[in-house]
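The data block below is entry-v1.tsv; it holds TSV, C-alpha atoms.
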chain	number	residue	atom	x	y	z
A	78	MET	CA	10.98	-64.89	15.96
A	79	THR	CA	10.39	-62.74	12.94
A	80	GLU	CA	12.39	-59.57	12.48
A	81	THR	CA	10.63	-56.45	11.19
A	82	LYS	CA	12.48	-54.88	8.30
A	83	PRO	CA	12.47	-51.09	7.89
A	84	ALA	CA	10.64	-49.66	4.90
A	85	PRO	CA	12.85	-48.89	1.93
A	86	ALA	CA	13.99	-45.32	1.45
A	87	SER	CA	12.11	-45.05	-1.83
A	88	ALA	CA	8.71	-45.64	-0.19
A	89	PRO	CA	7.61	-41.95	-0.21
A	90	SER	CA	8.45	-41.55	-3.88
A	91	HIS	CA	6.71	-44.85	-4.62
A	92	ASP	CA	3.59	-43.57	-2.82
A	93	LEU	CA	3.67	-40.39	-4.88
A	94	GLU	CA	3.92	-42.45	-8.06
A	95	LEU	CA	0.92	-44.52	-7.00
A	96	ALA	CA	-1.04	-41.36	-6.19
A	97	TYR	CA	-0.22	-39.89	-9.58
A	98	GLU	CA	-1.18	-43.08	-11.38
A	99	SER	CA	-4.49	-43.22	-9.52
A	100	GLY	CA	-5.38	-39.71	-10.66
A	101	VAL	CA	-4.66	-37.92	-7.34
A	102	GLU	CA	-2.67	-34.71	-7.73
A	103	VAL	CA	-0.54	-33.35	-4.91
A	104	GLU	CA	-0.90	-29.56	-4.84
A	105	ALA	CA	1.86	-27.48	-3.30
A	106	ARG	CA	0.72	-24.67	-1.00
A	107	SER	CA	2.22	-21.23	-1.28
A	108	GLN	CA	3.22	-18.98	1.60
A	109	TRP	CA	0.11	-16.89	0.97
A	110	ALA	CA	-2.04	-20.03	1.37
A	111	TYR	CA	-0.41	-20.83	4.72
A	112	ALA	CA	-0.94	-17.24	5.88
A	113	ARG	CA	-4.61	-17.44	4.89
A	114	MET	CA	-5.01	-20.75	6.75
A	115	ARG	CA	-3.46	-19.32	9.91
A	116	PHE	CA	-5.82	-16.36	9.74
A	117	LEU	CA	-8.93	-18.50	9.24
A	118	ARG	CA	-7.98	-20.67	12.21
A	119	HIS	CA	-7.87	-17.63	14.48
A	120	ARG	CA	-11.48	-17.32	15.65
A	121	LEU	CA	-11.11	-13.87	17.19
A	122	ALA	CA	-9.54	-12.51	14.00
A	123	VAL	CA	-12.31	-13.97	11.84
A	124	ALA	CA	-14.99	-12.59	14.19
A	125	SER	CA	-13.37	-9.16	14.05
A	126	LEU	CA	-13.32	-9.32	10.26
A	127	VAL	CA	-17.04	-10.14	10.22
A	128	VAL	CA	-17.80	-7.16	12.49
A	129	LEU	CA	-15.70	-4.87	10.28
A	130	ILE	CA	-17.52	-6.09	7.17
A	131	LEU	CA	-20.90	-5.47	8.82
A	132	ILE	CA	-19.90	-1.92	9.80
A	133	SER	CA	-18.65	-1.30	6.27
A	134	LEU	CA	-21.93	-2.56	4.82
A	135	VAL	CA	-23.88	-0.24	7.12
A	136	GLY	CA	-21.84	2.69	5.84
A	137	ALA	CA	-22.17	1.59	2.22
A	138	PHE	CA	-25.97	1.34	2.45
A	139	ALA	CA	-26.38	4.39	4.70
A	140	PRO	CA	-29.11	6.05	2.56
A	141	TRP	CA	-31.30	2.97	3.02
A	142	ILE	CA	-30.46	2.24	6.68
A	143	ALA	CA	-30.35	5.71	8.27
A	144	PRO	CA	-33.77	6.95	9.44
A	145	TYR	CA	-32.97	10.49	8.21
A	146	GLY	CA	-30.60	12.21	5.82
A	147	PHE	CA	-27.31	13.44	7.24
A	148	ASP	CA	-28.34	17.08	6.62
A	149	GLU	CA	-32.09	16.70	7.16
A	150	LEU	CA	-33.48	19.20	9.68
A	151	ASP	CA	-36.17	18.58	12.27
A	152	LEU	CA	-36.73	22.01	13.82
A	153	ASP	CA	-39.42	20.64	16.15
A	154	ASN	CA	-36.88	18.38	17.88
A	155	THR	CA	-33.71	20.38	18.39
A	156	THR	CA	-31.16	19.29	21.02
A	157	SER	CA	-33.43	16.45	22.07
A	158	PRO	CA	-32.06	13.59	24.17
A	159	PRO	CA	-32.09	10.00	22.89
A	160	THR	CA	-35.70	8.95	22.44
A	161	LEU	CA	-37.83	6.46	20.53
A	162	GLU	CA	-40.07	9.28	19.36
A	163	GLY	CA	-39.28	9.92	15.72
A	164	TRP	CA	-36.50	7.30	15.96
A	165	HIS	CA	-34.01	9.80	17.32
A	166	LEU	CA	-32.15	7.02	19.12
A	167	PHE	CA	-29.01	9.14	19.59
A	168	GLY	CA	-30.84	12.46	19.98
A	169	THR	CA	-30.51	15.54	17.77
A	170	ASP	CA	-28.19	18.55	17.53
A	171	GLN	CA	-28.93	22.28	17.64
A	172	LEU	CA	-30.33	22.20	14.09
A	173	GLY	CA	-32.50	19.15	14.66
A	174	ARG	CA	-30.26	16.80	12.68
A	175	ASP	CA	-30.44	13.18	13.80
A	176	TYR	CA	-27.21	12.06	15.43
A	177	LEU	CA	-27.75	8.37	14.60
A	178	SER	CA	-28.14	9.17	10.90
A	179	ARG	CA	-25.03	11.34	10.94
A	180	VAL	CA	-23.07	8.57	12.64
A	181	ILE	CA	-24.18	6.07	9.98
A	182	PHE	CA	-23.29	8.45	7.16
A	183	GLY	CA	-20.06	9.33	8.96
A	184	ILE	CA	-18.97	5.70	8.66
A	185	ARG	CA	-18.58	6.24	4.93
A	186	THR	CA	-16.30	9.23	5.43
A	187	SER	CA	-14.17	7.48	8.03
A	188	LEU	CA	-13.85	4.34	5.91
A	189	TRP	CA	-12.95	6.43	2.85
A	190	VAL	CA	-10.06	8.04	4.70
A	191	ALA	CA	-9.01	4.92	6.61
A	192	VAL	CA	-8.91	2.61	3.59
A	193	VAL	CA	-7.01	5.09	1.43
A	194	VAL	CA	-4.45	5.76	4.17
A	195	ALA	CA	-4.03	2.10	5.14
A	196	LEU	CA	-3.65	0.78	1.58
A	197	LEU	CA	-1.47	3.58	0.24
A	198	SER	CA	0.81	3.96	3.27
A	199	THR	CA	1.21	0.17	3.58
A	200	ALA	CA	2.06	-0.18	-0.12
A	201	ILE	CA	4.61	2.66	-0.04
A	202	GLY	CA	6.17	1.58	3.24
A	203	THR	CA	6.34	-2.09	2.25
A	204	ALA	CA	8.01	-1.31	-1.06
A	205	ILE	CA	10.59	1.04	0.48
A	206	GLY	CA	11.29	-1.26	3.44
A	207	ALA	CA	11.61	-4.33	1.21
A	208	VAL	CA	14.08	-2.68	-1.16
A	209	ALA	CA	16.12	-1.23	1.71
A	210	GLY	CA	16.26	-4.48	3.67
A	211	TYR	CA	16.97	-6.74	0.71
A	212	PHE	CA	19.71	-4.76	-1.03
A	213	GLY	CA	21.25	-3.06	2.02
A	214	GLY	CA	24.36	-0.91	1.66
A	215	GLN	CA	23.99	2.50	0.05
A	216	VAL	CA	20.43	1.79	-1.05
A	217	ASP	CA	19.47	1.04	2.56
A	218	ASN	CA	21.22	4.17	3.86
A	219	LEU	CA	19.58	6.43	1.27
A	220	LEU	CA	16.05	5.12	1.82
A	221	MET	CA	16.32	5.08	5.61
A	222	ARG	CA	17.66	8.64	5.74
A	223	PHE	CA	14.69	9.72	3.62
A	224	THR	CA	12.42	7.88	6.07
A	225	ASP	CA	14.08	9.66	8.99
A	226	LEU	CA	13.51	12.98	7.20
A	227	ILE	CA	9.77	12.28	6.94
A	228	LEU	CA	9.70	11.28	10.62
A	229	THR	CA	11.21	14.62	11.65
A	230	LEU	CA	8.43	16.61	9.96
A	231	PRO	CA	5.90	18.08	12.43
A	232	GLY	CA	2.79	16.13	11.48
A	233	LEU	CA	0.13	18.60	12.58
A	234	ALA	CA	1.85	21.55	10.90
A	235	VAL	CA	2.23	19.61	7.64
A	236	LEU	CA	-1.40	18.52	7.72
A	237	LEU	CA	-2.69	22.03	8.37
A	238	THR	CA	-0.48	23.53	5.65
A	239	ALA	CA	-1.52	20.89	3.12
A	240	ALA	CA	-5.20	21.27	4.01
A	241	VAL	CA	-5.02	25.03	3.42
A	242	TYR	CA	-2.90	24.75	0.26
A	243	PHE	CA	-4.98	22.04	-1.42
A	244	GLY	CA	-8.29	23.53	-0.33
A	245	GLN	CA	-11.14	22.07	1.68
A	246	ASP	CA	-13.53	21.30	-1.18
A	247	ASP	CA	-13.57	18.72	-3.95
A	248	SER	CA	-10.82	19.32	-6.51
A	249	VAL	CA	-10.72	18.65	-10.24
A	250	VAL	CA	-7.38	17.39	-11.58
A	251	PHE	CA	-7.11	16.59	-15.31
A	252	GLY	CA	-10.87	16.39	-15.51
A	253	VAL	CA	-11.11	13.94	-12.59
A	254	THR	CA	-12.95	15.02	-9.44
A	255	ILE	CA	-11.03	14.21	-6.26
A	256	PRO	CA	-13.40	14.08	-3.26
A	257	GLN	CA	-12.43	15.84	-0.08
A	258	PRO	CA	-12.00	12.61	1.98
A	259	LEU	CA	-9.63	11.26	-0.69
A	260	LYS	CA	-7.46	14.38	-0.46
A	261	ILE	CA	-7.29	14.03	3.33
A	262	GLY	CA	-6.36	10.36	2.90
A	263	LEU	CA	-3.55	11.15	0.45
A	264	ILE	CA	-2.09	13.75	2.80
A	265	LEU	CA	-2.18	11.35	5.77
A	266	ALA	CA	-0.70	8.48	3.73
A	267	PHE	CA	2.30	10.68	2.91
A	268	LEU	CA	3.12	10.80	6.64
A	269	PHE	CA	2.04	7.34	7.85
A	270	TRP	CA	4.17	5.00	5.69
A	271	THR	CA	7.36	5.37	7.75
A	272	SER	CA	6.49	2.91	10.53
A	273	VAL	CA	5.74	-0.01	8.20
A	274	ALA	CA	8.87	0.79	6.17
A	275	ARG	CA	11.09	0.38	9.22
A	276	ILE	CA	9.29	-2.82	10.26
A	277	VAL	CA	9.59	-4.42	6.82
A	278	ARG	CA	13.23	-3.37	6.51
A	279	GLY	CA	14.09	-5.13	9.78
A	280	LEU	CA	12.26	-8.28	8.73
A	281	PHE	CA	13.93	-8.36	5.32
A	282	LEU	CA	17.38	-7.87	6.85
A	283	SER	CA	16.76	-11.06	8.83
A	284	LEU	CA	15.06	-13.05	6.08
A	285	ARG	CA	17.67	-12.39	3.39
A	286	GLU	CA	20.12	-14.58	5.34
A	287	LYS	CA	17.76	-17.58	5.45
A	288	GLU	CA	18.40	-20.79	3.53
A	289	PHE	CA	15.28	-20.56	1.36
A	290	VAL	CA	16.47	-17.19	-0.01
A	291	GLU	CA	19.86	-18.68	-0.88
A	292	ALA	CA	18.10	-21.61	-2.54
A	293	ALA	CA	15.92	-19.25	-4.59
A	294	LYS	CA	19.00	-17.33	-5.71
A	295	ALA	CA	20.73	-20.57	-6.67
A	296	ALA	CA	17.65	-21.58	-8.68
A	297	GLY	CA	17.96	-18.38	-10.71
A	298	ALA	CA	15.02	-16.43	-9.26
A	299	THR	CA	15.09	-12.69	-9.84
A	300	ASP	CA	15.38	-10.20	-6.98
A	301	THR	CA	11.80	-9.05	-7.45
A	302	ARG	CA	10.49	-12.62	-7.30
A	303	ILE	CA	12.52	-13.40	-4.19
A	304	MET	CA	11.33	-10.26	-2.42
A	305	PHE	CA	7.64	-10.42	-3.19
A	306	ARG	CA	7.12	-14.15	-3.77
A	307	HIS	CA	9.29	-15.73	-1.09
A	308	MET	CA	10.13	-13.12	1.54
A	309	LEU	CA	7.08	-10.85	1.69
A	310	PRO	CA	4.60	-13.63	2.68
A	311	ASN	CA	6.71	-14.20	5.80
A	312	CYS	CA	6.12	-10.56	6.80
A	313	VAL	CA	2.33	-10.52	6.40
A	314	GLY	CA	1.58	-10.68	10.14
A	315	PRO	CA	3.44	-7.51	11.24
A	316	ILE	CA	2.29	-5.65	8.12
A	317	ILE	CA	-1.39	-6.40	8.80
A	318	VAL	CA	-1.06	-5.43	12.45
A	319	ASN	CA	0.56	-2.13	11.49
A	320	ALA	CA	-2.17	-1.50	8.88
A	321	THR	CA	-4.89	-1.92	11.52
A	322	LEU	CA	-3.11	0.60	13.76
A	323	VAL	CA	-2.85	3.01	10.82
A	324	VAL	CA	-6.61	2.68	10.21
A	325	ALA	CA	-7.38	3.71	13.79
A	326	THR	CA	-4.85	6.55	13.77
A	327	ALA	CA	-6.10	7.88	10.43
A	328	ILE	CA	-9.70	8.02	11.67
A	329	LEU	CA	-8.68	9.87	14.85
A	330	VAL	CA	-6.45	12.36	12.99
A	331	GLU	CA	-9.14	13.00	10.38
A	332	ALA	CA	-11.67	13.64	13.15
A	333	ALA	CA	-9.24	15.99	14.92
A	334	LEU	CA	-8.62	17.94	11.70
A	335	SER	CA	-12.36	18.25	11.14
A	336	PHE	CA	-12.86	19.45	14.72
A	337	ILE	CA	-10.42	22.35	14.27
A	338	GLY	CA	-11.90	23.20	10.87
A	339	PHE	CA	-9.31	21.78	8.47
A	340	GLY	CA	-10.76	18.36	7.67
A	341	ILE	CA	-14.15	17.23	6.41
A	342	GLN	CA	-16.32	20.32	6.22
A	343	PRO	CA	-20.01	20.71	7.16
A	344	PRO	CA	-22.64	19.71	6.31
A	345	ASN	CA	-20.82	16.46	5.53
A	346	ALA	CA	-20.88	14.03	8.45

Written as structure tokens, how would this file's structure read?
Amino acid sequence: MTETKPAPASAPSHDLELAYESGVEVEARSQWAYARMRFLRHRLAVASLVVLILISLVGAFAPWIAPYGFDELDLDNTTSPPTLEGWHLFGTDQLGRDYLSRVIFGIRTSLWVAVVVALLSTAIGTAIGAVAGYFGGQVDNLLMRFTDLILTLPGLAVLLTAAVYFGQDDSVVFGVTIPQPLKIGLILAFLFWTSVARIVRGLFLSLREKEFVEAAKAAGATDTRIMFRHMLPNCVGPIIVNATLVVATAILVEAALSFIGFGIQPPNA
């Protein structure tokens, strides 16, 4: 009866040597690569991304897709219900402007505000939360008390005051024209970064005690590399979820400000 001998402990390294000699390279995957793979495997997330891209493309090519201009008047068809006549599929308003065209052009305004708010607030909140959670101590206390101060500000009052102070038209700063939607986005981003800062801080407080962080420190990695190369990829999920919520909130707040006369001004859609 033959006895099966276990494989020697050096078998994996021997296989790697054979793979190297045969011209096959073993590529290490980063945390960002694993995050991207998890996202692409989620069918609902990918489908949602496709829908968002299609909506963005419709807004980007609004002049070629919309049947009318956003301020084009049709005085023969005022306050008409949705109809195929004249391609007023959503009807018209009191001035005869096509609602469908204004919705398509309005996508551009909403995306302008939403993207600026989401990117800027996420970047500010992630940076503050990462620094606070990684270093802790007095740095954490100082940054979190500043975050609490921003949270105590009455949002609507701040938005109305800023809208009046900075004006409701395009501004020129150092020779650069700042569009009205960009100004609204900057004001909203100043208020919306607090939630992601608290989330990232909590995640970093937990991750800084993990073994891979201690290993990176022992290897001589700098604090910045540890935070943004090793720890931040493990926080991508909550950050993306919070960014999507910020997008929706920014669009609703921008619409509310416009409704009461302090946001995007007519005739802009």

Task: Minimum-distance residue to Phe269 of chain A, chosen among A:Val323, A:Ala293, A:Leu220, A:Val241 (using all atoms listed in the file) - done: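 Ranked by minimum distance to Phe269 of chain A, first place goes to A:Val323.
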
Task: Neighbour residues at most 12 Å from (-27.0, 3.7, 3.0) (all atoms listed in the file) as a list in words - done: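 Using all atoms listed in the file, the matching residues come out as Ile132, Ser133, Leu134, Val135, Gly136, Ala137, Phe138, Ala139, Pro140, Trp141, Ile142, Ala143, Pro144, Tyr145, Gly146, Phe147, Ser178, Arg179, Val180, Ile181, Phe182, Gly183, Ile184 and Arg185 of chain A.
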
- [ ] In the coordinates of the file, take the point (-3.2, -4.2, 10.3) and a cut-off of 12 Å; then, counting only C-alpha atoms, name each qualifying protein, DNA or RNA residue as a PyMOL selection string.
- [x] chain A and resi 122+125-126+191-192+194-196+198-199+273+312-326

Task: Closest of A:Leu161, A:Leu172, A:Ile337, A:Val216 to Arg278 of chain A - atom-to-atom distances counting all atoms listed in the file - done: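 Answer, going by the shortest atom-to-atom distance: A:Val216.
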
Open item on the list: For a quick check of understanding, using all atoms listed in the file, which of A:Ala207, A:Val123, A:Met221, A:Ala200 has the smallest distance to Arg306 of chain A?
Closed with: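 Ranking A:Ala207, A:Val123, A:Met221, A:Ala200 by distance to Arg306 of chain A, first place goes to A:Ala207.
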
Open item on the list: Given all atoms listed in the file as the basis, pick out the residue of A:Leu188, A:Val193, A:Leu117, A:Leu236 nearest to Phe339 of chain A.
Closed with: A:Leu236

Task: Exercise: Val330 of chain A partners within 10 Å, only C-alpha atoms, chain neighbours under 5 positions left out, as a ChimeraX atom specification - done: /A:233,236,261,265,325,335-336,340

Would you output that residue set with C-alpha atoms, as a compact mmCIF listing (two decimals), in the coordinates of the input?
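The result, stored in selection.txt:
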# COMPACT_ATOMS: atom_id res chain seq x y z
CA LEU A 233 0.13 18.60 12.58
CA LEU A 236 -1.40 18.52 7.72
CA ILE A 261 -7.29 14.03 3.33
CA LEU A 265 -2.18 11.35 5.77
CA ALA A 325 -7.38 3.71 13.79
CA SER A 335 -12.36 18.25 11.14
CA PHE A 336 -12.86 19.45 14.72
CA GLY A 340 -10.76 18.36 7.67

- [ ] Work out how far atom CA of Thr203 of chain A is from atom CA of Ile276 of chain A, in Å to one decimal.
- [x]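 So the answer is 8.6 Å.
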
Task: Non-local contacts of segment 153-160 of chain A (7 Å; all atoms listed in the file; under 3 positions in same chain excluded) as a PyMOL selection string - done: chain A and resi 164-173

- [ ] Identify which of the residues A:Leu230, A:Pro256, A:Ile328, A:Val208 lies closest to Asp300 of chain A, counting only C-alpha atoms when measuring atom-to-atom distances.
- [x]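 Closest to Asp300 of chain A of all the choices is A:Val208.
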
Open item on the list: Ranking A:Lys287, A:Glu162, A:Tyr176, A:Ala124 by minimum distance to Leu150 of chain A and counting all atoms listed in the file, which one comes first?
Closed with: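 Closest to Leu150 of chain A of all the choices is A:Tyr176.
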
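In this model, the gap between atom CA of Gly206 of chain A and atom CA of Ser187 of chain A comes to 27.3 Å.
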
Task: Between atom CA of Ile205 of chain A and atom CA of Pro231 of chain A, distance in Å (one decimal) - done: 21.3 Å
